[in-house]
Amino acid sequence: MPLAPAGFTELTCAQSNQFVESMGEPGYRAKQLRKWVYQNLALSYDEMTDLPLALRQRLAKETRLHSLEPAQNATGQDGTLKTLFKLADGKTVEAALMYYGREGGGERRTVCVSTQAGCAIGCPFCATGQQGIERNLTPGEIIDQVLYFARYLREESKEGKSAGDKTGGRVSNIVFMGMGEPLLNYDALWPAIEMLNSPDGFGLGARNMVISTAGVVPQIKRLSREKLQVGLAVSLHASDNKLRDRLVPLNRKYPLEELIQACQEYNIMTGRRLSFEYILFNGINDSVAQALALAALVQGLKCHINLIPANFTADPTFRPPPRRVILAFENELKQGHVNVTLREPRGQDIDAGCGQLRSRFLRETGLGTGKSPRMEKVKNVS
Ligand code: SAH
Ligand code: SF4
């Protein structure tokens with residue numbers, strides 16, 4: 001009996017080989033199928049013209065090719081495209097496509113994907129954290145977000161919009177920084193990364209992928225031992241336990257001492273530096289003394305700090321500081337010889353912060369009926 005998986009992208013390379021063989025087909029068919037799905041970005045089995053018709057018909061009956069339905073799209077002034085996807089069970093997740101350096105020839109096209117519907121960690125400044133956890137995403141649901149934007153970029157490139165673009169209208173980077181805590185869904189995250197990386201799959205270099213975590217210490221250690229050189233970003237936001245307990249409640253389980261030690265281990269085991277994300281909140285974590293404490297905390301680590309002025313969310317407690325405060329904080333870190341970059345927020349005008357589009361969607365539209373005034377209907381590329 002064939003395995004009949006819910007979706008083809010749920011399968012690892014080995015599983016798709018097994019699946020195709022269990023249908024009585026020669027082994028090379030699995031490779032052909034993967035090429036259609038991950039390289040040619042096929043929308044349906046009909047397109048796979050080098051596969052026998054009977055096989056295509058059987059696959060179409062037994063195995064879904066896509067697990068996501070784009071429900072809403074929003075495009076920001078900076079070009080950021082944010083999409084809200086509906087999953088097969090009606091749950092929703094967001095993902096985004098961000099263009100960096102478009103003016104200078106389109107250096108990067110970064111896709112930011114979700115790994116969970118909602119999040120259990122409950123950071124009070126985060127729109128996703130306020131929605132609670134619904135469930136883990138499957139590997140296929142994670143991969144399909146990337147394939148959606150890859151298709152979108154292909155369409156754009158056909159329309160000539162990416163002329164002169166060095167990445168040829170393709171996804172150049174993937175960041176696991178959408179909704180959810182990736183390291184609390186490691187068992188789905190990792191097969192998804194392997195398929196996105198595999199030359200037999202999507203074929204993107206592991207070095208072009210970054211996992212962002214609130215600090216799940218045992219899983220950071222696990223990641224440090226993986227062969228694939230995927231990047232790590234740790235959402236720090238505070239340099240003392242008292243404040244971090246409040247901003248990132250996971251800190252109560254894995255306090256800063258343990259987190260920093262795991263980061264040191266990551267440096268040593270992988271030979272790579274890591275990034276720290278530090279969102280600046282007005283009057284909360286933005287003082288010069290806190291900048292000094294941050295510099296002291298990361299001393300000795302091979303790292304880079306990304307300073308990110310907070311996005312506006314519904315909660316007025318968490319606002320970005322005035323510009324001069326942000327610059328003073330950055331300057332203090334520079335004085336302390338810390339590698340630091342001040343990030344301009346992307347897609348501010350379209351609620352591009354983590355989980356913001358979805359919470360607006362749920363708030364304004366109920367459960368997917370109607371449209372928010374700032375959103376357009378999607379170009380159907382899924
Ligand atoms: N759970 C993981 C990854 C998803 S959150 C993590 O926390 O790292 C991705 C990023 O969005 C995190 O750095 C998070 O702190 C940030 N984020 C959430 N709410 C934000 C807000 N209101 N303003 C700016 N960044 C925000
Ligand atoms: Fe979860 Fe990350 Fe949002 Fe915190 S910031 S609630 S860990 S998604």
# chains A, B, ... in the order shown; residues from 1 in each chain; ligands from 1

call {"tool": "select_by_dssp", "arguments": {"residues": "stretch 196-331 of chain A", "states": "strand (DSSP E)", "output": "list in words"}}
result
Met209, Val210, Ile211, Ser212, Thr213, Gly231, Leu232, Ala233, Val234, Ser235, Leu274, Ser275, Phe276, Glu277, Tyr278, Ile279, Leu280, Cys303, His304, Ile305, Asn306, Leu307, Ile308 and Pro309 of chain A

call {"tool": "residues_around", "arguments": {"residues": "stretch 228-244 of chain A", "least_positions_apart": "6", "cutoff": "7 Å", "atoms": "only C-alpha atoms", "output": "PDB file with N, CA, C and O atoms, in the first residue's frame"}}
result
ATOM      1  N   ALA A 206      22.685  26.583   3.159  1.00  0.00           N
ATOM      2  CA  ALA A 206      22.309  26.696   4.578  1.00  0.00           C
ATOM      3  C   ALA A 206      22.770  28.027   5.166  1.00  0.00           C
ATOM      4  O   ALA A 206      22.121  28.598   6.036  1.00  0.00           O
ATOM      5  N   ARG A 207      23.877  28.538   4.653  1.00  0.00           N
ATOM      6  CA  ARG A 207      24.391  29.820   5.154  1.00  0.00           C
ATOM      7  C   ARG A 207      23.467  30.981   4.827  1.00  0.00           C
ATOM      8  O   ARG A 207      23.632  32.067   5.363  1.00  0.00           O
ATOM      9  N   MET A 209      20.332  30.837   5.418  1.00  0.00           N
ATOM     10  CA  MET A 209      19.139  30.674   6.262  1.00  0.00           C
ATOM     11  C   MET A 209      19.489  31.056   7.697  1.00  0.00           C
ATOM     12  O   MET A 209      20.600  30.779   8.160  1.00  0.00           O
ATOM     13  N   VAL A 210      18.535  31.672   8.382  1.00  0.00           N
ATOM     14  CA  VAL A 210      18.751  32.056   9.782  1.00  0.00           C
ATOM     15  C   VAL A 210      17.531  31.653  10.611  1.00  0.00           C
ATOM     16  O   VAL A 210      16.388  31.919  10.232  1.00  0.00           O
ATOM     17  N   ILE A 211      17.817  31.006  11.739  1.00  0.00           N
ATOM     18  CA  ILE A 211      16.754  30.663  12.692  1.00  0.00           C
ATOM     19  C   ILE A 211      16.778  31.693  13.809  1.00  0.00           C
ATOM     20  O   ILE A 211      17.817  31.942  14.408  1.00  0.00           O
ATOM     21  N   SER A 212      15.625  32.276  14.093  1.00  0.00           N
ATOM     22  CA  SER A 212      15.541  33.230  15.208  1.00  0.00           C
ATOM     23  C   SER A 212      14.862  32.545  16.390  1.00  0.00           C
ATOM     24  O   SER A 212      13.818  31.915  16.231  1.00  0.00           O
ATOM     25  N   THR A 213      15.469  32.682  17.554  1.00  0.00           N
ATOM     26  CA  THR A 213      14.885  32.024  18.736  1.00  0.00           C
ATOM     27  C   THR A 213      14.820  32.965  19.931  1.00  0.00           C
ATOM     28  O   THR A 213      15.672  33.845  20.098  1.00  0.00           O
ATOM     29  N   ALA A 214      13.820  32.718  20.771  1.00  0.00           N
ATOM     30  CA  ALA A 214      13.700  33.466  22.018  1.00  0.00           C
ATOM     31  C   ALA A 214      14.672  32.907  23.064  1.00  0.00           C
ATOM     32  O   ALA A 214      14.817  33.479  24.140  1.00  0.00           O
ATOM     33  N   GLY A 215      15.327  31.775  22.730  1.00  0.00           N
ATOM     34  CA  GLY A 215      16.349  31.238  23.638  1.00  0.00           C
ATOM     35  C   GLY A 215      16.023  29.884  24.248  1.00  0.00           C
ATOM     36  O   GLY A 215      16.097  29.715  25.465  1.00  0.00           O
ATOM     37  N   ASN A 251      12.606  33.315  29.535  1.00  0.00           N
ATOM     38  CA  ASN A 251      13.815  33.554  30.323  1.00  0.00           C
ATOM     39  C   ASN A 251      13.699  32.965  31.735  1.00  0.00           C
ATOM     40  O   ASN A 251      14.690  32.636  32.371  1.00  0.00           O
ATOM     41  N   PRO A 255      17.444  31.161  31.992  1.00  0.00           N
ATOM     42  CA  PRO A 255      17.940  32.513  32.277  1.00  0.00           C
ATOM     43  C   PRO A 255      19.191  32.869  31.479  1.00  0.00           C
ATOM     44  O   PRO A 255      19.817  32.006  30.851  1.00  0.00           O
ATOM     45  N   LEU A 256      19.530  34.152  31.530  1.00  0.00           N
ATOM     46  CA  LEU A 256      20.613  34.684  30.690  1.00  0.00           C
ATOM     47  C   LEU A 256      21.929  33.930  30.812  1.00  0.00           C
ATOM     48  O   LEU A 256      22.609  33.713  29.811  1.00  0.00           O
ATOM     49  N   LEU A 274      27.100  34.604  15.920  1.00  0.00           N
ATOM     50  CA  LEU A 274      25.639  34.619  15.915  1.00  0.00           C
ATOM     51  C   LEU A 274      25.150  36.050  16.015  1.00  0.00           C
ATOM     52  O   LEU A 274      25.946  36.963  16.250  1.00  0.00           O
ATOM     53  N   SER A 275      23.859  36.252  15.789  1.00  0.00           N
ATOM     54  CA  SER A 275      23.288  37.598  15.927  1.00  0.00           C
ATOM     55  C   SER A 275      22.423  37.655  17.169  1.00  0.00           C
ATOM     56  O   SER A 275      21.806  36.655  17.547  1.00  0.00           O
ATOM     57  N   PHE A 276      22.392  38.829  17.756  1.00  0.00           N
ATOM     58  CA  PHE A 276      21.407  39.099  18.805  1.00  0.00           C
ATOM     59  C   PHE A 276      20.450  40.152  18.279  1.00  0.00           C
ATOM     60  O   PHE A 276      20.888  41.145  17.679  1.00  0.00           O
ATOM     61  N   GLU A 277      19.167  39.922  18.476  1.00  0.00           N
ATOM     62  CA  GLU A 277      18.166  40.930  18.141  1.00  0.00           C
ATOM     63  C   GLU A 277      17.855  41.664  19.434  1.00  0.00           C
ATOM     64  O   GLU A 277      17.614  41.016  20.475  1.00  0.00           O
ATOM     65  N   TYR A 278      17.877  42.974  19.374  1.00  0.00           N
ATOM     66  CA  TYR A 278      17.566  43.760  20.565  1.00  0.00           C
ATOM     67  C   TYR A 278      16.555  44.821  20.133  1.00  0.00           C
ATOM     68  O   TYR A 278      16.904  45.807  19.472  1.00  0.00           O
ATOM     69  N   ILE A 279      15.288  44.586  20.458  1.00  0.00           N
ATOM     70  CA  ILE A 279      14.259  45.576  20.108  1.00  0.00           C
ATOM     71  C   ILE A 279      14.326  46.685  21.142  1.00  0.00           C
ATOM     72  O   ILE A 279      14.382  46.414  22.350  1.00  0.00           O
ATOM     73  N   ASN A 285      14.075  49.524  27.872  1.00  0.00           N
ATOM     74  CA  ASN A 285      15.398  48.882  27.756  1.00  0.00           C
ATOM     75  C   ASN A 285      16.358  49.737  26.933  1.00  0.00           C
ATOM     76  O   ASN A 285      17.252  49.208  26.280  1.00  0.00           O
ATOM     77  N   ALA A 293      25.428  47.611  29.949  1.00  0.00           N
ATOM     78  CA  ALA A 293      25.217  46.254  30.478  1.00  0.00           C
ATOM     79  C   ALA A 293      25.149  45.243  29.333  1.00  0.00           C
ATOM     80  O   ALA A 293      25.662  44.122  29.447  1.00  0.00           O
ATOM     81  N   LEU A 294      24.559  45.650  28.230  1.00  0.00           N
ATOM     82  CA  LEU A 294      24.465  44.761  27.062  1.00  0.00           C
ATOM     83  C   LEU A 294      25.865  44.481  26.499  1.00  0.00           C
ATOM     84  O   LEU A 294      26.204  43.323  26.209  1.00  0.00           O
ATOM     85  N   LEU A 297      27.521  42.053  28.690  1.00  0.00           N
ATOM     86  CA  LEU A 297      26.950  40.701  28.595  1.00  0.00           C
ATOM     87  C   LEU A 297      27.517  39.912  27.413  1.00  0.00           C
ATOM     88  O   LEU A 297      27.784  38.715  27.525  1.00  0.00           O
TER      89      LEU A 297
END

call {"tool": "closest_atom_pairs", "arguments": {"of": "chain A", "to": "ligand 1", "cutoff": "7 Å", "atoms": "only C-alpha atoms and all ligand atoms", "output": "Markdown table"}}
result
| residue | atom | partner | partner_atom_place_in_ligand_line | distance |
| --- | --- | --- | --- | --- |
| A:Phe125 | CA | ligand 1 | 22 (N) | 5.0 |
| A:Cys126 | CA | ligand 1 | 19 (N) | 3.6 |
| A:Ala127 | CA | ligand 1 | 19 (N) | 6.1 |
| A:Phe176 | CA | ligand 1 | 3 (C) | 6.5 |
| A:Met177 | CA | ligand 1 | 4 (C) | 4.0 |
| A:Gly178 | CA | ligand 1 | 4 (C) | 4.9 |
| A:Met179 | CA | ligand 1 | 4 (C) | 5.3 |
| A:Gly180 | CA | ligand 1 | 1 (N) | 4.9 |
| A:Glu181 | CA | ligand 1 | 1 (N) | 3.7 |
| A:Pro182 | CA | ligand 1 | 3 (C) | 6.4 |
| A:Ser212 | CA | ligand 1 | 8 (O) | 4.2 |
| A:Thr213 | CA | ligand 1 | 8 (O) | 3.7 |
| A:Ala214 | CA | ligand 1 | 7 (O) | 4.2 |
| A:Val234 | CA | ligand 1 | 8 (O) | 6.0 |
| A:Ser235 | CA | ligand 1 | 8 (O) | 4.6 |
| A:Glu277 | CA | ligand 1 | 13 (O) | 5.5 |
| A:Ile279 | CA | ligand 1 | 24 (C) | 5.8 |
| A:Ile308 | CA | ligand 1 | 24 (C) | 6.4 |
| A:Pro309 | CA | ligand 1 | 24 (C) | 6.5 |
| A:Ala310 | CA | ligand 1 | 23 (N) | 3.8 |
| A:Asn311 | CA | ligand 1 | 23 (N) | 3.7 |
| A:Phe312 | CA | ligand 1 | 22 (N) | 5.9 |
| A:Thr313 | CA | ligand 1 | 22 (N) | 5.7 |
| A:Gly353 | CA | ligand 1 | 20 (C) | 5.5 |
| A:Cys354 | CA | ligand 1 | 18 (C) | 4.9 |

call {"tool": "write_last_selection", "arguments": {"atoms": "N, CA, C and O atoms", "output": "JSON list (two decimals), in the first residue's frame"}}
result
[["chain", "number", "residue", "atom", "x", "y", "z"],
["A", 125, "PHE", "N", 5.11, 42.25, 24.01],
["A", 125, "PHE", "CA", 5.17, 43.25, 22.94],
["A", 125, "PHE", "C", 4.82, 42.67, 21.58],
["A", 125, "PHE", "O", 4.77, 43.38, 20.58],
["A", 126, "CYS", "N", 4.64, 41.36, 21.52],
["A", 126, "CYS", "CA", 4.54, 40.66, 20.23],
["A", 126, "CYS", "C", 3.10, 40.28, 19.93],
["A", 126, "CYS", "O", 2.45, 39.62, 20.75],
["A", 127, "ALA", "N", 2.65, 40.66, 18.74],
["A", 127, "ALA", "CA", 1.26, 40.39, 18.36],
["A", 127, "ALA", "C", 1.00, 38.88, 18.35],
["A", 127, "ALA", "O", -0.08, 38.42, 18.75],
["A", 176, "PHE", "N", 13.75, 32.23, 9.58],
["A", 176, "PHE", "CA", 12.66, 31.62, 10.35],
["A", 176, "PHE", "C", 12.36, 32.57, 11.50],
["A", 176, "PHE", "O", 12.80, 32.38, 12.63],
["A", 177, "MET", "N", 11.67, 33.63, 11.14],
["A", 177, "MET", "CA", 11.41, 34.74, 12.07],
["A", 177, "MET", "C", 9.97, 35.19, 12.00],
["A", 177, "MET", "O", 9.65, 36.30, 12.42],
["A", 178, "GLY", "N", 9.12, 34.35, 11.44],
["A", 178, "GLY", "CA", 7.70, 34.71, 11.37],
["A", 178, "GLY", "C", 7.03, 34.34, 12.67],
["A", 178, "GLY", "O", 7.61, 34.46, 13.75],
["A", 179, "MET", "N", 5.80, 33.84, 12.57],
["A", 179, "MET", "CA", 5.08, 33.50, 13.80],
["A", 179, "MET", "C", 5.66, 32.23, 14.42],
["A", 179, "MET", "O", 6.02, 31.29, 13.74],
["A", 180, "GLY", "N", 5.70, 32.24, 15.75],
["A", 180, "GLY", "CA", 6.07, 31.02, 16.47],
["A", 180, "GLY", "C", 7.53, 30.95, 16.86],
["A", 180, "GLY", "O", 8.36, 31.78, 16.45],
["A", 181, "GLU", "N", 7.84, 29.96, 17.66],
["A", 181, "GLU", "CA", 9.21, 29.74, 18.13],
["A", 181, "GLU", "C", 9.76, 28.52, 17.39],
["A", 181, "GLU", "O", 9.41, 27.37, 17.70],
["A", 182, "PRO", "N", 10.65, 28.76, 16.40],
["A", 182, "PRO", "CA", 11.13, 27.65, 15.56],
["A", 182, "PRO", "C", 11.73, 26.50, 16.36],
["A", 182, "PRO", "O", 11.51, 25.34, 16.04],
["A", 212, "SER", "N", 15.63, 32.28, 14.09],
["A", 212, "SER", "CA", 15.54, 33.23, 15.21],
["A", 212, "SER", "C", 14.86, 32.54, 16.39],
["A", 212, "SER", "O", 13.82, 31.92, 16.23],
["A", 213, "THR", "N", 15.47, 32.68, 17.55],
["A", 213, "THR", "CA", 14.89, 32.02, 18.74],
["A", 213, "THR", "C", 14.82, 32.97, 19.93],
["A", 213, "THR", "O", 15.67, 33.85, 20.10],
["A", 214, "ALA", "N", 13.82, 32.72, 20.77],
["A", 214, "ALA", "CA", 13.70, 33.47, 22.02],
["A", 214, "ALA", "C", 14.67, 32.91, 23.06],
["A", 214, "ALA", "O", 14.82, 33.48, 24.14],
["A", 234, "VAL", "N", 19.45, 35.28, 18.18],
["A", 234, "VAL", "CA", 18.81, 35.13, 19.48],
["A", 234, "VAL", "C", 18.12, 36.45, 19.84],
["A", 234, "VAL", "O", 18.75, 37.51, 19.80],
["A", 235, "SER", "N", 16.84, 36.38, 20.15],
["A", 235, "SER", "CA", 16.09, 37.58, 20.52],
["A", 235, "SER", "C", 16.36, 37.89, 21.99],
["A", 235, "SER", "O", 15.82, 37.23, 22.88],
["A", 277, "GLU", "N", 19.17, 39.92, 18.48],
["A", 277, "GLU", "CA", 18.17, 40.93, 18.14],
["A", 277, "GLU", "C", 17.86, 41.66, 19.43],
["A", 277, "GLU", "O", 17.61, 41.02, 20.48],
["A", 279, "ILE", "N", 15.29, 44.59, 20.46],
["A", 279, "ILE", "CA", 14.26, 45.58, 20.11],
["A", 279, "ILE", "C", 14.33, 46.68, 21.14],
["A", 279, "ILE", "O", 14.38, 46.41, 22.35],
["A", 308, "ILE", "N", 16.72, 47.08, 16.84],
["A", 308, "ILE", "CA", 15.49, 47.25, 16.06],
["A", 308, "ILE", "C", 14.51, 48.12, 16.83],
["A", 308, "ILE", "O", 14.02, 47.70, 17.90],
["A", 309, "PRO", "N", 14.24, 49.34, 16.37],
["A", 309, "PRO", "CA", 13.22, 50.13, 17.06],
["A", 309, "PRO", "C", 11.88, 49.38, 17.03],
["A", 309, "PRO", "O", 11.52, 48.80, 16.00],
["A", 310, "ALA", "N", 11.17, 49.32, 18.14],
["A", 310, "ALA", "CA", 9.92, 48.54, 18.24],
["A", 310, "ALA", "C", 8.93, 48.95, 17.16],
["A", 310, "ALA", "O", 8.85, 50.10, 16.77],
["A", 311, "ASN", "N", 8.19, 47.97, 16.68],
["A", 311, "ASN", "CA", 7.04, 48.24, 15.81],
["A", 311, "ASN", "C", 5.89, 48.70, 16.67],
["A", 311, "ASN", "O", 5.76, 48.25, 17.81],
["A", 312, "PHE", "N", 5.03, 49.50, 16.10],
["A", 312, "PHE", "CA", 3.83, 49.88, 16.85],
["A", 312, "PHE", "C", 2.87, 48.70, 16.88],
["A", 312, "PHE", "O", 2.61, 48.08, 15.87],
["A", 313, "THR", "N", 2.41, 48.35, 18.06],
["A", 313, "THR", "CA", 1.37, 47.33, 18.16],
["A", 313, "THR", "C", 0.22, 47.95, 18.95],
["A", 313, "THR", "O", 0.27, 49.13, 19.31],
["A", 353, "GLY", "N", 5.24, 43.56, 11.41],
["A", 353, "GLY", "CA", 5.79, 42.94, 12.62],
["A", 353, "GLY", "C", 5.17, 41.57, 12.82],
["A", 353, "GLY", "O", 4.08, 41.29, 12.31],
["A", 354, "CYS", "N", 5.91, 40.75, 13.55],
["A", 354, "CYS", "CA", 5.52, 39.36, 13.79],
["A", 354, "CYS", "C", 4.07, 39.22, 14.28],
["A", 354, "CYS", "O", 3.73, 39.69, 15.35]]

call {"tool": "closest_residue", "arguments": {"among": "A:Met98, A:Leu189, A:Met23, A:Leu84", "to": "A:Glu10", "atoms": "only C-alpha atoms"}}
result
A:Leu189

call {"tool": "closest_residue", "arguments": {"among": "A:Val171, A:Ala6, A:Ala95, A:Leu53", "to": "A:Thr138", "atoms": "only C-alpha atoms"}}
result
A:Ala6
